[in-house]
Each structure stands twice: as C-alpha cells, then as structure tokens.
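Encoded as structure tokens, the structure appears first; notes follow it.
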Amino acid sequence: MNWTLEVVPVPVTDMDRAKAFYAEKVGFTIDLDDEVAPGVRIIQMTPPGSRCSIAMLQGMPAAPGTKTMEPGTLHGLQLCVVDIEAAHKDLTGRGVDVSPVRHVGATGWESGKGGTWNSFLTFNDPDGNGWVVQEAPSELAER
C-alpha cells in the first residue's frame with residue numbers, strides 16, 4: 001500500500017492575503033477555493049510540478065483527537081528546485097523577501113551554493129510560516 005503525502009495544512013490569519021501571496025508571489029496554482037460547508041472555506045494550492053498541495057482552512061473544526069496550529073507556527077516545509085539561483089531570482093522578482101542562497105559548511109551556514117543537495121534559501125509567508133527551498137540535482141521524476 002502506498003502512503004502519499006498529498007495535502008499539508010498551512011495556518012493563516014487572512015485567507016485572501018495568503019491566497020494572493022502563494023499564487024501571485026510564490027507561483028502556486030489555485031486548485032480550489034470553496035465554501036465546502038456553511039462557514040467552512042478551503043483554499044487548496046499546489047506548487048508547480050508538485051504532487052503535494054497546501055490547504056488553508058477557515059471554520060474547519062479540528063478532527064477528533066487532533067490539535068490545531070496557530071498562524072505562523074508552521075516551519076520547515078521544504079520545496080526542491082533544480083536551480084536555486086533561478087528560484088531566488090524568480091521569487092525576488094515576484095516581491096518575495098527571500099534569504100540569500102546558503103549552504104552548510106565547516107563553520108555552519110555559509111554564503112553561496114554548496115555541493116549536491118547543499119544549497120538553500122528561505123522565506124516566510126505573511127503570517128510568518130517558514131519555508132525552505134533546496135536545490136536538488138535533478139527533477140523528481142529523474143531521481
């Protein structure tokens with residue numbers, strides 16, 4: 001049996017502001033923006049080339065036995081790209097405040113690209129949820 005990660009909830013305070021950020025600035029595709037039940041709105045978006053989406057929820061009760069996250073508390077979600085410098089240029093060109101490209105070196109985080117799998121940049125959404133972008137050596141389908 002396959003267990004596929006397909007949707008990750010991202011806690012936000014303003015659904016429309018978050019939708020605009022992820023669609024217009026980060027370039028995610030809007031898959032769904034609907035009121036699925038009275039007072040329950042779901043916006044689901046997918047990064048280009050990804051099989052996993054994010055979902056922003058408003059009015060959705062927590063599933064029994066689960067906890068909810070406050071906006072700005074989700075950190076470390078990681079996107080992979082094959083060209084970290086092109087990703088940096090694209091995001092900054094869209095108005096996203098991104099970190100410089102960095103890698104892990106002998107003294108910790110160092111400026112510039114590293115070797116295979118060792119080049120990163122970071123950014124936050126308007127609520128402070130933190131993302132990491134990592135350079136991969138090839139597209140996922142080729143690995």
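Residue numbers start at 1 in each chain; chains themselves are named A, B, ... in the order of the structure tokens; ligands are numbered from 1 in the order shown.
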
>> When DSSP is applied to the backbone of this structure, which of chain A are assigned strand (DSSP E)? Write them out as a ChimeraX atom specification.
In response: /A:7-9,29-37,40-46,53-58,75-81,102-105,108-111,120-124,130-135

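The space between atom CA of Asn124 of chain A and atom CA of Val96 of chain A spans 8.5 Å.
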
Pull the closest atom pair for each residue of segment 36-82 of chain A that gets at most 10 Å from segment 9-29 of chain A, along with the distance in Å to one decimal, counting only C-alpha atoms, ordering rows by chain and then ascending residue number, as a Markdown table.
```
| residue | atom | partner | partner_atom | distance |
| --- | --- | --- | --- | --- |
| A:Arg41 | CA | A:Met15 | CA | 8.9 |
| A:Ile42 | CA | A:Met15 | CA | 8.9 |
| A:Ile43 | CA | A:Lys19 | CA | 7.4 |
| A:Gln44 | CA | A:Thr29 | CA | 8.6 |
| A:Met45 | CA | A:Thr29 | CA | 5.3 |
| A:Thr46 | CA | A:Thr29 | CA | 5.2 |
| A:Pro47 | CA | A:Phe28 | CA | 4.4 |
| A:Pro48 | CA | A:Phe28 | CA | 6.1 |
| A:Gly49 | CA | A:Phe28 | CA | 9.6 |
| A:Ser50 | CA | A:Phe28 | CA | 9.6 |
| A:Ser53 | CA | A:Pro9 | CA | 8.6 |
| A:Ile54 | CA | A:Pro9 | CA | 5.6 |
| A:Ala55 | CA | A:Pro9 | CA | 4.7 |
| A:Met56 | CA | A:Val10 | CA | 5.4 |
| A:Leu57 | CA | A:Pro11 | CA | 7.3 |
| A:Gln58 | CA | A:Met15 | CA | 7.6 |
| A:Thr68 | CA | A:Pro11 | CA | 8.4 |
| A:Met69 | CA | A:Pro11 | CA | 6.2 |
| A:Glu70 | CA | A:Pro11 | CA | 6.0 |
| A:Pro71 | CA | A:Pro11 | CA | 4.4 |
| A:Gly72 | CA | A:Pro11 | CA | 6.8 |
| A:Thr73 | CA | A:Pro11 | CA | 7.6 |
| A:Leu74 | CA | A:Val10 | CA | 6.8 |
| A:His75 | CA | A:Val10 | CA | 9.7 |
| A:Leu77 | CA | A:Val10 | CA | 9.8 |
```

I need the chosen residues saved as an mmCIF file, in the first residue's frame, with N, CA, C and O atoms.
```cif
data_model
loop_
_atom_site.group_PDB
_atom_site.id
_atom_site.type_symbol
_atom_site.label_atom_id
_atom_site.label_comp_id
_atom_site.auth_asym_id
_atom_site.auth_seq_id
_atom_site.Cartn_x
_atom_site.Cartn_y
_atom_site.Cartn_z
ATOM 1 N N ARG A 41 -14.462 27.329 4.706
ATOM 2 C CA ARG A 41 -13.805 27.651 3.433
ATOM 3 C C ARG A 41 -12.471 26.938 3.361
ATOM 4 O O ARG A 41 -11.702 26.915 4.325
ATOM 5 N N ILE A 42 -12.188 26.372 2.192
ATOM 6 C CA ILE A 42 -10.912 25.712 1.932
ATOM 7 C C ILE A 42 -10.303 26.317 0.677
ATOM 8 O O ILE A 42 -10.983 26.421 -0.352
ATOM 9 N N ILE A 43 -9.045 26.716 0.784
ATOM 10 C CA ILE A 43 -8.267 27.101 -0.393
ATOM 11 C C ILE A 43 -7.141 26.092 -0.492
ATOM 12 O O ILE A 43 -6.342 25.943 0.433
ATOM 13 N N GLN A 44 -7.104 25.366 -1.608
ATOM 14 C CA GLN A 44 -6.038 24.384 -1.828
ATOM 15 C C GLN A 44 -5.205 24.846 -3.004
ATOM 16 O O GLN A 44 -5.747 25.240 -4.042
ATOM 17 N N MET A 45 -3.881 24.812 -2.837
ATOM 18 C CA MET A 45 -2.946 25.293 -3.849
ATOM 19 C C MET A 45 -1.792 24.314 -3.989
ATOM 20 O O MET A 45 -1.404 23.669 -3.019
ATOM 21 N N THR A 46 -1.224 24.244 -5.202
ATOM 22 C CA THR A 46 -0.151 23.300 -5.464
ATOM 23 C C THR A 46 1.063 24.009 -6.060
ATOM 24 O O THR A 46 0.912 24.770 -7.023
ATOM 25 N N PRO A 47 2.258 23.753 -5.528
ATOM 26 C CA PRO A 47 3.475 24.292 -6.148
ATOM 27 C C PRO A 47 3.655 23.683 -7.543
ATOM 28 O O PRO A 47 3.295 22.511 -7.762
ATOM 29 N N PRO A 48 4.215 24.433 -8.491
ATOM 30 C CA PRO A 48 4.434 23.896 -9.834
ATOM 31 C C PRO A 48 5.239 22.594 -9.788
ATOM 32 O O PRO A 48 6.275 22.525 -9.133
ATOM 33 N N GLY A 49 4.738 21.558 -10.432
ATOM 34 C CA GLY A 49 5.434 20.278 -10.513
ATOM 35 C C GLY A 49 5.272 19.373 -9.309
ATOM 36 O O GLY A 49 5.775 18.255 -9.304
ATOM 37 N N SER A 50 4.570 19.830 -8.282
ATOM 38 C CA SER A 50 4.434 19.034 -7.063
ATOM 39 C C SER A 50 3.188 18.155 -7.108
ATOM 40 O O SER A 50 2.193 18.503 -7.726
ATOM 41 N N SER A 53 -0.063 19.345 -2.172
ATOM 42 C CA SER A 53 -0.652 20.678 -2.119
ATOM 43 C C SER A 53 -0.619 21.209 -0.693
ATOM 44 O O SER A 53 -0.372 20.469 0.257
ATOM 45 N N ILE A 54 -0.906 22.500 -0.569
ATOM 46 C CA ILE A 54 -1.152 23.083 0.741
ATOM 47 C C ILE A 54 -2.630 23.428 0.809
ATOM 48 O O ILE A 54 -3.282 23.636 -0.225
ATOM 49 N N ALA A 55 -3.170 23.473 2.002
ATOM 50 C CA ALA A 55 -4.569 23.849 2.199
ATOM 51 C C ALA A 55 -4.649 24.864 3.324
ATOM 52 O O ALA A 55 -4.040 24.681 4.378
ATOM 53 N N MET A 56 -5.373 25.927 3.061
ATOM 54 C CA MET A 56 -5.670 26.919 4.089
ATOM 55 C C MET A 56 -7.132 26.747 4.438
ATOM 56 O O MET A 56 -7.988 26.644 3.544
ATOM 57 N N LEU A 57 -7.424 26.659 5.715
ATOM 58 C CA LEU A 57 -8.763 26.313 6.180
ATOM 59 C C LEU A 57 -9.319 27.411 7.072
ATOM 60 O O LEU A 57 -8.621 27.944 7.923
ATOM 61 N N GLN A 58 -10.591 27.704 6.878
ATOM 62 C CA GLN A 58 -11.276 28.679 7.726
ATOM 63 C C GLN A 58 -12.590 28.050 8.190
ATOM 64 O O GLN A 58 -13.379 27.565 7.368
ATOM 65 N N THR A 68 -4.758 21.963 16.672
ATOM 66 C CA THR A 68 -4.661 22.952 15.602
ATOM 67 C C THR A 68 -3.384 23.762 15.772
ATOM 68 O O THR A 68 -2.850 23.875 16.873
ATOM 69 N N MET A 69 -2.898 24.309 14.675
ATOM 70 C CA MET A 69 -1.713 25.163 14.694
ATOM 71 C C MET A 69 -2.157 26.615 14.594
ATOM 72 O O MET A 69 -3.073 26.932 13.835
ATOM 73 N N GLU A 70 -1.482 27.475 15.303
ATOM 74 C CA GLU A 70 -1.741 28.899 15.184
ATOM 75 C C GLU A 70 -1.024 29.434 13.942
ATOM 76 O O GLU A 70 0.038 28.924 13.569
ATOM 77 N N PRO A 71 -1.577 30.465 13.303
ATOM 78 C CA PRO A 71 -0.881 31.062 12.163
ATOM 79 C C PRO A 71 0.548 31.453 12.529
ATOM 80 O O PRO A 71 0.817 31.967 13.615
ATOM 81 N N GLY A 72 1.471 31.156 11.631
ATOM 82 C CA GLY A 72 2.875 31.482 11.849
ATOM 83 C C GLY A 72 3.665 30.416 12.575
ATOM 84 O O GLY A 72 4.855 30.594 12.816
ATOM 85 N N THR A 73 3.044 29.294 12.912
ATOM 86 C CA THR A 73 3.758 28.252 13.672
ATOM 87 C C THR A 73 4.256 27.088 12.816
ATOM 88 O O THR A 73 4.920 26.191 13.338
ATOM 89 N N LEU A 74 3.966 27.106 11.532
ATOM 90 C CA LEU A 74 4.429 26.034 10.650
ATOM 91 C C LEU A 74 5.787 26.431 10.080
ATOM 92 O O LEU A 74 5.925 27.482 9.453
ATOM 93 N N HIS A 75 6.791 25.606 10.307
ATOM 94 C CA HIS A 75 8.144 25.920 9.843
ATOM 95 C C HIS A 75 8.809 24.677 9.276
ATOM 96 O O HIS A 75 8.548 23.565 9.713
ATOM 97 N N LEU A 77 8.722 23.515 6.068
ATOM 98 C CA LEU A 77 8.250 22.882 4.842
ATOM 99 C C LEU A 77 9.292 23.135 3.766
ATOM 100 O O LEU A 77 9.801 24.240 3.626
#
```

>> Here is a test: counting only C-alpha atoms, which residue of A:Asp34, A:Val82, A:Thr122, A:Val104 is nearest to Glu142 of chain A?
In response: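 Ranked by minimum distance to Glu142 of chain A, first place goes to A:Val82.
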
> If you measure from atom CA of Glu35 of chain A to atom CA of Met60 of chain A, what distance in Å do you get, rounded to one decimal?
Replying inline: 10.3 Å

> Which distance in Å separates atom CA of Glu110 of chain A and atom CA of Ser138 of chain A, to one decimal?
Replying inline: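 Value for the atom CA of Glu110 of chain A-atom CA of Ser138 of chain A distance: 23.0 Å.
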
> Quick one: residues within 6 Å of Gly114 of chain A, only C-alpha atoms counted, chain neighbours fewer than 2 positions away excluded, as a list in words?
Replying inline: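 Returned residues: His103, Asn118 and Ser119 of chain A.
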